[in-house]
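Trainee: Contents of data_12.pdb (PDB, C-alpha atoms and all ligand atoms) are given next:
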ATOM      1  CA  MET M   1      63.870 117.472 -10.909  1.00  0.00           C
ATOM      2  CA  ASN M   2      65.890 115.701 -13.574  1.00  0.00           C
ATOM      3  CA  LYS M   3      65.851 111.953 -13.392  1.00  0.00           C
ATOM      4  CA  VAL M   4      68.589 109.692 -14.612  1.00  0.00           C
ATOM      5  CA  ILE M   5      67.038 107.213 -16.980  1.00  0.00           C
ATOM      6  CA  ILE M   6      68.740 103.876 -17.341  1.00  0.00           C
ATOM      7  CA  LYS M   7      67.379 102.247 -20.421  1.00  0.00           C
ATOM      8  CA  SER M   8      67.644  98.509 -20.705  1.00  0.00           C
ATOM      9  CA  GLN M   9      66.334  96.629 -23.669  1.00  0.00           C
ATOM     10  CA  LEU M  10      65.055  93.254 -22.579  1.00  0.00           C
ATOM     11  CA  ASN M  11      63.750  92.278 -25.947  1.00  0.00           C
ATOM     12  CA  THR M  12      62.008  93.925 -28.841  1.00  0.00           C
ATOM     13  CA  SER M  13      58.508  93.959 -27.277  1.00  0.00           C
ATOM     14  CA  CYS M  14      59.324  95.077 -23.714  1.00  0.00           C
ATOM     15  CA  MET M  15      61.560  97.942 -22.618  1.00  0.00           C
ATOM     16  CA  PHE M  16      62.252  98.828 -18.964  1.00  0.00           C
ATOM     17  CA  TYR M  17      63.401 102.344 -18.120  1.00  0.00           C
ATOM     18  CA  LEU M  18      64.656 102.467 -14.527  1.00  0.00           C
ATOM     19  CA  GLU M  19      64.286 105.988 -13.124  1.00  0.00           C
ATOM     20  CA  LYS M  20      64.851 105.601  -9.402  1.00  0.00           C
ATOM     21  CA  ARG M  21      65.891 102.885  -6.991  1.00  0.00           C
ATOM     22  CA  ASP M  22      65.503 102.618  -3.209  1.00  0.00           C
ATOM     23  CA  GLY M  23      66.884  99.305  -1.963  1.00  0.00           C
ATOM     24  CA  PHE M  24      65.100  96.699  -4.064  1.00  0.00           C
ATOM     25  CA  ALA M  25      62.148  99.036  -4.718  1.00  0.00           C
ATOM     26  CA  ARG M  26      62.265 100.820  -8.046  1.00  0.00           C
ATOM     27  CA  ILE M  27      60.355 103.389 -10.033  1.00  0.00           C
ATOM     28  CA  GLY M  28      60.423 103.202 -13.781  1.00  0.00           C
ATOM     29  CA  ARG M  29      58.526 102.776 -17.001  1.00  0.00           C
ATOM     30  CA  ILE M  30      57.777  99.630 -18.947  1.00  0.00           C
ATOM     31  CA  GLU M  31      56.695  99.418 -22.522  1.00  0.00           C
ATOM     32  CA  ILE M  32      54.825  96.235 -23.353  1.00  0.00           C
ATOM     33  CA  ASN M  33      53.393  95.753 -26.821  1.00  0.00           C
ATOM     34  CA  GLY M  34      53.676  99.491 -27.462  1.00  0.00           C
ATOM     35  CA  LYS M  35      51.868 100.423 -24.214  1.00  0.00           C
ATOM     36  CA  THR M  36      53.791 102.498 -21.646  1.00  0.00           C
ATOM     37  CA  LEU M  37      53.173 101.760 -17.969  1.00  0.00           C
ATOM     38  CA  GLU M  38      54.640 103.690 -15.060  1.00  0.00           C
ATOM     39  CA  THR M  39      55.854 101.269 -12.408  1.00  0.00           C
ATOM     40  CA  PRO M  40      54.939 100.210  -9.834  1.00  0.00           C
ATOM     41  CA  CYS M  41      51.705  99.696 -11.728  1.00  0.00           C
ATOM     42  CA  ILE M  42      48.469  97.732 -11.440  1.00  0.00           C
ATOM     43  CA  LEU M  43      47.149  95.917 -14.501  1.00  0.00           C
ATOM     44  CA  ASP M  44      43.370  96.232 -14.717  1.00  0.00           C
ATOM     45  CA  PHE M  45      41.668  92.911 -15.458  1.00  0.00           C
ATOM     46  CA  SER M  46      38.216  94.500 -15.381  1.00  0.00           C
ATOM     47  CA  GLY M  47      38.555  96.911 -18.299  1.00  0.00           C
ATOM     48  CA  GLU M  48      39.305  96.902 -22.011  1.00  0.00           C
ATOM     49  CA  GLU M  49      42.413  99.085 -21.839  1.00  0.00           C
ATOM     50  CA  MET M  50      44.862  96.361 -20.794  1.00  0.00           C
ATOM     51  CA  LYS M  51      43.237  93.533 -22.718  1.00  0.00           C
ATOM     52  CA  ASN M  52      45.927  93.280 -25.392  1.00  0.00           C
ATOM     53  CA  VAL M  53      48.754  93.532 -22.871  1.00  0.00           C
ATOM     54  CA  LEU M  54      47.201  90.858 -20.632  1.00  0.00           C
ATOM     55  CA  LYS M  55      46.415  88.546 -23.545  1.00  0.00           C
ATOM     56  CA  SER M  56      50.050  88.710 -24.647  1.00  0.00           C
ATOM     57  CA  ILE M  57      51.403  87.536 -21.266  1.00  0.00           C
ATOM     58  CA  ASN M  58      52.159  83.853 -20.805  1.00  0.00           C
ATOM     59  CA  PHE M  59      51.193  83.055 -17.188  1.00  0.00           C
ATOM     60  CA  GLY M  60      52.092  79.355 -17.373  1.00  0.00           C
ATOM     61  CA  TYR M  61      50.285  76.674 -15.389  1.00  0.00           C
ATOM     62  CA  ALA M  62      52.355  76.265 -12.228  1.00  0.00           C
ATOM     63  CA  PRO M  63      52.737  78.588  -9.232  1.00  0.00           C
ATOM     64  CA  TYR M  64      56.353  79.396  -8.335  1.00  0.00           C
ATOM     65  CA  ILE M  65      56.299  77.189  -5.215  1.00  0.00           C
ATOM     66  CA  VAL M  66      56.066  74.067  -7.437  1.00  0.00           C
ATOM     67  CA  LYS M  67      59.724  74.700  -8.268  1.00  0.00           C
ATOM     68  CA  TYR M  68      60.656  73.533  -4.743  1.00  0.00           C
ATOM     69  CA  LEU M  69      58.331  70.552  -4.851  1.00  0.00           C
ATOM     70  CA  ASN M  70      59.265  69.208  -8.276  1.00  0.00           C
ATOM     71  CA  GLU M  71      61.684  71.176 -10.437  1.00  0.00           C
ATOM     72  CA  ARG M  72      61.067  69.037 -13.543  1.00  0.00           C
ATOM     73  CA  ILE M  73      57.311  69.663 -13.439  1.00  0.00           C
ATOM     74  CA  TYR M  74      57.873  73.356 -12.785  1.00  0.00           C
ATOM     75  CA  GLU M  75      60.168  73.665 -15.807  1.00  0.00           C
ATOM     76  CA  ALA M  76      57.471  72.096 -17.984  1.00  0.00           C
ATOM     77  CA  LEU M  77      54.598  74.206 -16.643  1.00  0.00           C
ATOM     78  CA  LYS M  78      56.234  77.505 -15.647  1.00  0.00           C
ATOM     79  CA  PRO M  79      55.374  80.815 -17.405  1.00  0.00           C
ATOM     80  CA  LYS M  80      57.110  81.044 -20.781  1.00  0.00           C
ATOM     81  CA  GLU M  81      57.587  84.785 -20.608  1.00  0.00           C
ATOM     82  CA  ASP M  82      60.930  86.464 -21.269  1.00  0.00           C
ATOM     83  CA  ARG M  83      59.709  90.083 -20.984  1.00  0.00           C
ATOM     84  CA  LEU M  84      58.575  89.878 -17.349  1.00  0.00           C
ATOM     85  CA  GLU M  85      59.441  87.744 -14.328  1.00  0.00           C
ATOM     86  CA  ILE M  86      56.041  86.181 -13.591  1.00  0.00           C
ATOM     87  CA  LEU M  87      55.473  85.137  -9.971  1.00  0.00           C
ATOM     88  CA  THR M  88      52.226  83.286  -9.330  1.00  0.00           C
ATOM     89  CA  GLY M  89      50.848  81.881  -6.086  1.00  0.00           C
ATOM     90  CA  LEU M  90      52.643  84.340  -3.768  1.00  0.00           C
ATOM     91  CA  SER M  91      49.525  84.953  -1.668  1.00  0.00           C
ATOM     92  CA  VAL M  92      49.619  81.424  -0.204  1.00  0.00           C
ATOM     93  CA  LEU M  93      53.284  81.498   0.832  1.00  0.00           C
ATOM     94  CA  ASN M  94      54.611  81.938   4.337  1.00  0.00           C
ATOM     95  CA  PRO M  95      57.158  84.769   4.925  1.00  0.00           C
ATOM     96  CA  TYR M  96      60.133  82.364   4.825  1.00  0.00           C
ATOM     97  CA  GLU M  97      59.148  81.000   1.402  1.00  0.00           C
ATOM     98  CA  LEU M  98      58.463  84.502   0.092  1.00  0.00           C
ATOM     99  CA  ILE M  99      61.912  85.769   1.090  1.00  0.00           C
ATOM    100  CA  ARG M 100      63.491  82.617  -0.361  1.00  0.00           C
ATOM    101  CA  ILE M 101      61.934  83.359  -3.761  1.00  0.00           C
ATOM    102  CA  PHE M 102      63.031  87.002  -3.804  1.00  0.00           C
ATOM    103  CA  ARG M 103      66.583  86.041  -2.802  1.00  0.00           C
ATOM    104  CA  GLU M 104      66.751  83.823  -5.891  1.00  0.00           C
ATOM    105  CA  LEU M 105      65.538  86.428  -8.387  1.00  0.00           C
ATOM    106  CA  LYS M 106      68.004  88.178 -10.642  1.00  0.00           C
ATOM    107  CA  PHE M 107      66.052  91.480 -10.984  1.00  0.00           C
ATOM    108  CA  ASN M 108      67.121  91.877 -14.599  1.00  0.00           C
ATOM    109  CA  LYS M 109      63.546  92.232 -15.813  1.00  0.00           C
ATOM    110  CA  PRO M 110      60.350  93.744 -14.389  1.00  0.00           C
ATOM    111  CA  ILE M 111      58.736  91.520 -11.751  1.00  0.00           C
ATOM    112  CA  TYR M 112      54.996  90.847 -11.942  1.00  0.00           C
ATOM    113  CA  ALA M 113      53.350  89.410  -8.804  1.00  0.00           C
ATOM    114  CA  VAL M 114      50.161  87.832 -10.146  1.00  0.00           C
ATOM    115  CA  ALA M 115      46.965  87.922  -8.029  1.00  0.00           C
ATOM    116  CA  SER M 116      48.748  88.962  -4.852  1.00  0.00           C
ATOM    117  CA  ALA M 117      47.998  92.655  -4.411  1.00  0.00           C
ATOM    118  CA  THR M 118      45.950  94.021  -1.527  1.00  0.00           C
ATOM    119  CA  PRO M 119      46.488  97.443   0.120  1.00  0.00           C
ATOM    120  CA  LEU M 120      48.418  95.584   2.819  1.00  0.00           C
ATOM    121  CA  THR M 121      50.701  93.548   0.536  1.00  0.00           C
ATOM    122  CA  ILE M 122      51.500  96.155  -2.127  1.00  0.00           C
ATOM    123  CA  PRO M 123      53.951  98.213   0.012  1.00  0.00           C
ATOM    124  CA  ILE M 124      55.766  95.041   1.150  1.00  0.00           C
ATOM    125  CA  LEU M 125      55.998  93.625  -2.374  1.00  0.00           C
ATOM    126  CA  VAL M 126      57.168  96.963  -3.816  1.00  0.00           C
ATOM    127  CA  TYR M 127      59.860  97.023  -1.129  1.00  0.00           C
ATOM    128  CA  LEU M 128      60.908  93.516  -2.188  1.00  0.00           C
ATOM    129  CA  GLY M 129      61.230  94.680  -5.801  1.00  0.00           C
ATOM    130  CA  VAL M 130      57.887  93.941  -7.475  1.00  0.00           C
ATOM    131  CA  ASP M 131      57.112  96.307 -10.376  1.00  0.00           C
ATOM    132  CA  VAL M 132      53.782  95.051 -11.697  1.00  0.00           C
ATOM    133  CA  PHE M 133      50.571  94.041  -9.896  1.00  0.00           C
ATOM    134  CA  ASP M 134      46.992  93.367 -10.936  1.00  0.00           C
ATOM    135  CA  ASN M 135      43.526  93.777  -9.422  1.00  0.00           C
ATOM    136  CA  ILE M 136      42.539  90.093  -9.492  1.00  0.00           C
ATOM    137  CA  LEU M 137      42.381  89.786  -5.676  1.00  0.00           C
ATOM    138  CA  ALA M 138      40.485  93.088  -5.312  1.00  0.00           C
ATOM    139  CA  ILE M 139      37.801  91.726  -7.659  1.00  0.00           C
ATOM    140  CA  ALA M 140      37.775  88.121  -6.410  1.00  0.00           C
ATOM    141  CA  LYS M 141      37.556  89.171  -2.757  1.00  0.00           C
ATOM    142  CA  ALA M 142      34.738  91.621  -3.542  1.00  0.00           C
ATOM    143  CA  TYR M 143      32.645  88.691  -4.802  1.00  0.00           C
ATOM    144  CA  GLN M 144      33.348  86.957  -1.468  1.00  0.00           C
ATOM    145  CA  GLY M 145      32.013  90.080   0.279  1.00  0.00           C
ATOM    146  CA  ILE M 146      35.444  91.315   1.407  1.00  0.00           C
ATOM    147  CA  TYR M 147      35.798  95.097   1.680  1.00  0.00           C
ATOM    148  CA  PHE M 148      39.273  96.686   1.651  1.00  0.00           C
ATOM    149  CA  PHE M 149      40.500  99.314   4.083  1.00  0.00           C
ATOM    150  CA  GLU M 150      43.930 100.919   3.743  1.00  0.00           C
ATOM    151  CA  ASP M 151      45.637  98.391   5.970  1.00  0.00           C
ATOM    152  CA  PHE M 152      43.144  95.598   6.578  1.00  0.00           C
ATOM    153  CA  GLU M 153      40.067  93.937   5.093  1.00  0.00           C
ATOM    154  CA  ILE M 154      36.695  93.054   6.574  1.00  0.00           C
ATOM    155  CA  GLY M 155      33.548  91.102   5.615  1.00  0.00           C
ATOM    156  CA  ILE M 156      30.946  93.518   4.233  1.00  0.00           C
ATOM    157  CA  ASN M 157      28.324  92.129   6.667  1.00  0.00           C
ATOM    158  CA  ASP M 158      30.517  93.125   9.614  1.00  0.00           C
ATOM    159  CA  LEU M 159      30.675  96.714   8.384  1.00  0.00           C
ATOM    160  CA  LYS M 160      28.373  99.040  10.357  1.00  0.00           C
ATOM    161  CA  SER M 161      28.785 101.986   7.932  1.00  0.00           C
ATOM    162  CA  PHE M 162      30.854 102.948   4.902  1.00  0.00           C
ATOM    163  CA  PRO M 163      33.710 105.230   5.939  1.00  0.00           C
ATOM    164  CA  CYS M 164      34.814 105.814   2.338  1.00  0.00           C
ATOM    165  CA  SER M 165      33.420 108.524   0.050  1.00  0.00           C
ATOM    166  CA  CYS M 166      34.226 106.958  -3.323  1.00  0.00           C
ATOM    167  CA  GLU M 167      31.452 106.746  -5.943  1.00  0.00           C
ATOM    168  CA  ALA M 168      30.945 103.009  -5.334  1.00  0.00           C
ATOM    169  CA  CYS M 169      30.565 103.449  -1.569  1.00  0.00           C
ATOM    170  CA  LYS M 170      28.051 106.275  -2.082  1.00  0.00           C
ATOM    171  CA  GLN M 171      25.913 103.869  -4.103  1.00  0.00           C
ATOM    172  CA  LEU M 172      26.374 101.086  -1.539  1.00  0.00           C
ATOM    173  CA  LYS M 173      25.220 103.498   1.171  1.00  0.00           C
ATOM    174  CA  SER M 174      22.142 104.744  -0.650  1.00  0.00           C
ATOM    175  CA  ASN M 175      20.880 101.437  -2.165  1.00  0.00           C
ATOM    176  CA  LYS M 176      19.831  98.807   0.334  1.00  0.00           C
ATOM    177  CA  ASP M 177      18.177  96.504  -2.228  1.00  0.00           C
ATOM    178  CA  LEU M 178      21.106  95.656  -4.460  1.00  0.00           C
ATOM    179  CA  SER M 179      21.437  92.191  -5.977  1.00  0.00           C
ATOM    180  CA  TYR M 180      24.507  90.080  -5.138  1.00  0.00           C
ATOM    181  CA  GLU M 181      26.069  90.966  -8.508  1.00  0.00           C
ATOM    182  CA  GLU M 182      25.408  94.713  -8.178  1.00  0.00           C
ATOM    183  CA  LYS M 183      26.721  94.795  -4.630  1.00  0.00           C
ATOM    184  CA  SER M 184      29.815  92.731  -5.500  1.00  0.00           C
ATOM    185  CA  GLU M 185      30.596  94.943  -8.501  1.00  0.00           C
ATOM    186  CA  LEU M 186      30.436  98.062  -6.311  1.00  0.00           C
ATOM    187  CA  ILE M 187      32.666  96.513  -3.631  1.00  0.00           C
ATOM    188  CA  ALA M 188      35.097  95.539  -6.404  1.00  0.00           C
ATOM    189  CA  LYS M 189      35.114  99.157  -7.639  1.00  0.00           C
ATOM    190  CA  HIS M 190      35.866 100.400  -4.133  1.00  0.00           C
ATOM    191  CA  ASN M 191      38.591  97.753  -3.605  1.00  0.00           C
ATOM    192  CA  ARG M 192      40.199  98.624  -6.941  1.00  0.00           C
ATOM    193  CA  SER M 193      40.261 102.361  -6.216  1.00  0.00           C
ATOM    194  CA  LEU M 194      41.778 101.818  -2.785  1.00  0.00           C
ATOM    195  CA  LYS M 195      44.515  99.689  -4.295  1.00  0.00           C
ATOM    196  CA  GLU M 196      45.375 102.405  -6.782  1.00  0.00           C
ATOM    197  CA  GLU M 197      45.811 104.741  -3.811  1.00  0.00           C
ATOM    198  CA  SER M 198      48.086 102.335  -1.958  1.00  0.00           C
ATOM    199  CA  ARG M 199      50.206 101.951  -5.104  1.00  0.00           C
ATOM    200  CA  ALA M 200      50.638 105.732  -5.184  1.00  0.00           C
ATOM    201  CA  MET M 201      51.987 105.792  -1.642  1.00  0.00           C
TER     202      MET M 201
HETATM  203 ZN    ZN U 301      34.881 103.374  -1.386  1.00  0.00          ZN
END
Could you take the file, read its structure, and then write that structure out as structure tokens?
Ligand SMILES: [Zn+2]

Mentor:
Amino acid sequence: MNKVIIKSQLNTSCMFYLEKRDGFARIGRIEINGKTLETPCILDFSGEEMKNVLKSINFGYAPYIVKYLNERIYEALKPKEDRLEILTGLSVLNPYELIRIFRELKFNKPIYAVASATPLTIPILVYLGVDVFDNILAIAKAYQGIYFFEDFEIGINDLKSFPCSCEACKQLKSNKDLSYEEKSELIAKHNRSLKEESRAM
């Protein structure tokens, strides 16, 4: 199937090629620092591959909600990033505040929802127009013993058996004497792989 490619040059180091749109949700490609990413995409904070891309992003110091509390402080501390729309702190917002933020956005650059992706939130955020995610929550929650399912999450100690057949879960099943670090790393691997699957939906 031929796709119509709308090419928009945002600046010299980031190009966004919009290939398909469904409401606010969109499929496309982004080039950041010479790296091409198919969106919606998940930036991997645990590997080397994305290191240069991640290091080049200015995340700022203030979550987006600060804008409503004190606009002057937000302007001083917000992300200084003109290639991507950086949204931080979404995971602590109530639905009303979340919708308020997305109603304000101009959608003229790829939207990156920082540290907000779980299998449950990715479909909603894609529907709202988010193009870029990361696996920060998948990793952080793993170290709190939180295990992801497709549409919910559960404490690892409340899990009677591992229903998943990924490599990490096989090791979790067969090794009962893992250290906290080993166990957390395996849960993180499982959580990350499940998130990749939910992105593909
Ligand atoms: Zn698994």

Trainee: Produce as a list in words the set of residues near ligand ZN 301 (chain U), where near means within 8 Å with only C-alpha atoms and all ligand atoms considered.

Mentor: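 Those within range of ligand ZN 301 (chain U) are Phe162, Pro163, Cys164, Ser165, Cys166, Glu167, Ala168, Cys169, Lys170, Ile187, Lys189, His190, Asn191, Ser193 and Leu194 of chain M.
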
Trainee: As a PDB file with C-alpha atoms, in the coordinates of the input, please: the residues near Leu54 (chain M) (cut-off 9 Å, only C-alpha atoms, same-chain neighbours under 3 positions excluded).

Mentor:
ATOM      1  CA  LEU M  43      47.149  95.917 -14.501  1.00  0.00           C
ATOM      2  CA  ASP M  44      43.370  96.232 -14.717  1.00  0.00           C
ATOM      3  CA  PHE M  45      41.668  92.911 -15.458  1.00  0.00           C
ATOM      4  CA  MET M  50      44.862  96.361 -20.794  1.00  0.00           C
ATOM      5  CA  LYS M  51      43.237  93.533 -22.718  1.00  0.00           C
ATOM      6  CA  ILE M  57      51.403  87.536 -21.266  1.00  0.00           C
ATOM      7  CA  ASN M  58      52.159  83.853 -20.805  1.00  0.00           C
TER       8      ASN M  58
END

Trainee: Suppose you want the space between CA of Asn33 (chain M) and CA of Pro110 (chain M); what is it in Å?

Mentor: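 Value for the CA of Asn33 (chain M)-CA of Pro110 (chain M) distance: 14.4 Å.
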
Trainee: Which polymer residues have any atom within 12 Å of an atom of region 72-84 of chain M, counting only C-alpha atoms, with same-chain residues fewer than 2 positions away left out, as a short mmCIF file (atom, residue, chain, number, x, y, z; two decimals) with C-alpha atoms, keeping the file's coordinate frame?

Mentor:
data_model
loop_
_atom_site.label_atom_id
_atom_site.label_comp_id
_atom_site.auth_asym_id
_atom_site.auth_seq_id
_atom_site.Cartn_x
_atom_site.Cartn_y
_atom_site.Cartn_z
CA SER M 8 67.64 98.51 -20.70
CA GLN M 9 66.33 96.63 -23.67
CA LEU M 10 65.06 93.25 -22.58
CA ASN M 11 63.75 92.28 -25.95
CA THR M 12 62.01 93.92 -28.84
CA SER M 13 58.51 93.96 -27.28
CA CYS M 14 59.32 95.08 -23.71
CA MET M 15 61.56 97.94 -22.62
CA PHE M 16 62.25 98.83 -18.96
CA ILE M 30 57.78 99.63 -18.95
CA GLU M 31 56.70 99.42 -22.52
CA ILE M 32 54.82 96.24 -23.35
CA ASN M 33 53.39 95.75 -26.82
CA VAL M 53 48.75 93.53 -22.87
CA LEU M 54 47.20 90.86 -20.63
CA SER M 56 50.05 88.71 -24.65
CA ILE M 57 51.40 87.54 -21.27
CA ASN M 58 52.16 83.85 -20.80
CA PHE M 59 51.19 83.06 -17.19
CA GLY M 60 52.09 79.36 -17.37
CA TYR M 61 50.28 76.67 -15.39
CA ALA M 62 52.36 76.26 -12.23
CA PRO M 63 52.74 78.59 -9.23
CA TYR M 64 56.35 79.40 -8.34
CA ILE M 65 56.30 77.19 -5.22
CA VAL M 66 56.07 74.07 -7.44
CA LYS M 67 59.72 74.70 -8.27
CA TYR M 68 60.66 73.53 -4.74
CA LEU M 69 58.33 70.55 -4.85
CA ASN M 70 59.26 69.21 -8.28
CA ILE M 86 56.04 86.18 -13.59
CA LEU M 87 55.47 85.14 -9.97
CA THR M 88 52.23 83.29 -9.33
CA GLY M 89 50.85 81.88 -6.09
CA LEU M 105 65.54 86.43 -8.39
CA LYS M 106 68.00 88.18 -10.64
CA PHE M 107 66.05 91.48 -10.98
CA ASN M 108 67.12 91.88 -14.60
CA LYS M 109 63.55 92.23 -15.81
CA PRO M 110 60.35 93.74 -14.39
CA ILE M 111 58.74 91.52 -11.75
CA TYR M 112 55.00 90.85 -11.94
CA ALA M 113 53.35 89.41 -8.80
CA VAL M 114 50.16 87.83 -10.15
CA VAL M 130 57.89 93.94 -7.48
CA ASP M 131 57.11 96.31 -10.38
CA VAL M 132 53.78 95.05 -11.70
CA PHE M 133 50.57 94.04 -9.90
#

Trainee: Quick check, in Å to one decimal: how far apart do CA of Leu93 (chain M) and CA of Ala138 (chain M) lie?

Mentor: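 The value is 18.3 Å.
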
Trainee: Which centre and which edge lengths, in Å to one decimal, describe the axis-aligned box that holds all listed atoms of region 34-51 of chain M after 4 Å is added on each side, as lines of an AutoDock Vina configuration file?

Mentor:
center_x = 47.0
center_y = 98.3
center_z = -18.6
size_x = 25.6
size_y = 18.8
size_z = 25.6

Trainee: Exactly which residues make up the result of the PyMOL selection byres (((chain M and resi 29) around 9) and not hetatm) on this file, given as a PyMOL selection string?

Mentor: chain M and resi 15-19+27-28+30-31+36-40

Trainee: Any chance you could resolve the PyMOL selection byres (((chain M and resi 126) around 12) and not hetatm) against this file and give the residues as a ChimeraX atom specification?

Mentor: /M:21-27,39-42,102,110-113,116-125,127-133,198-201
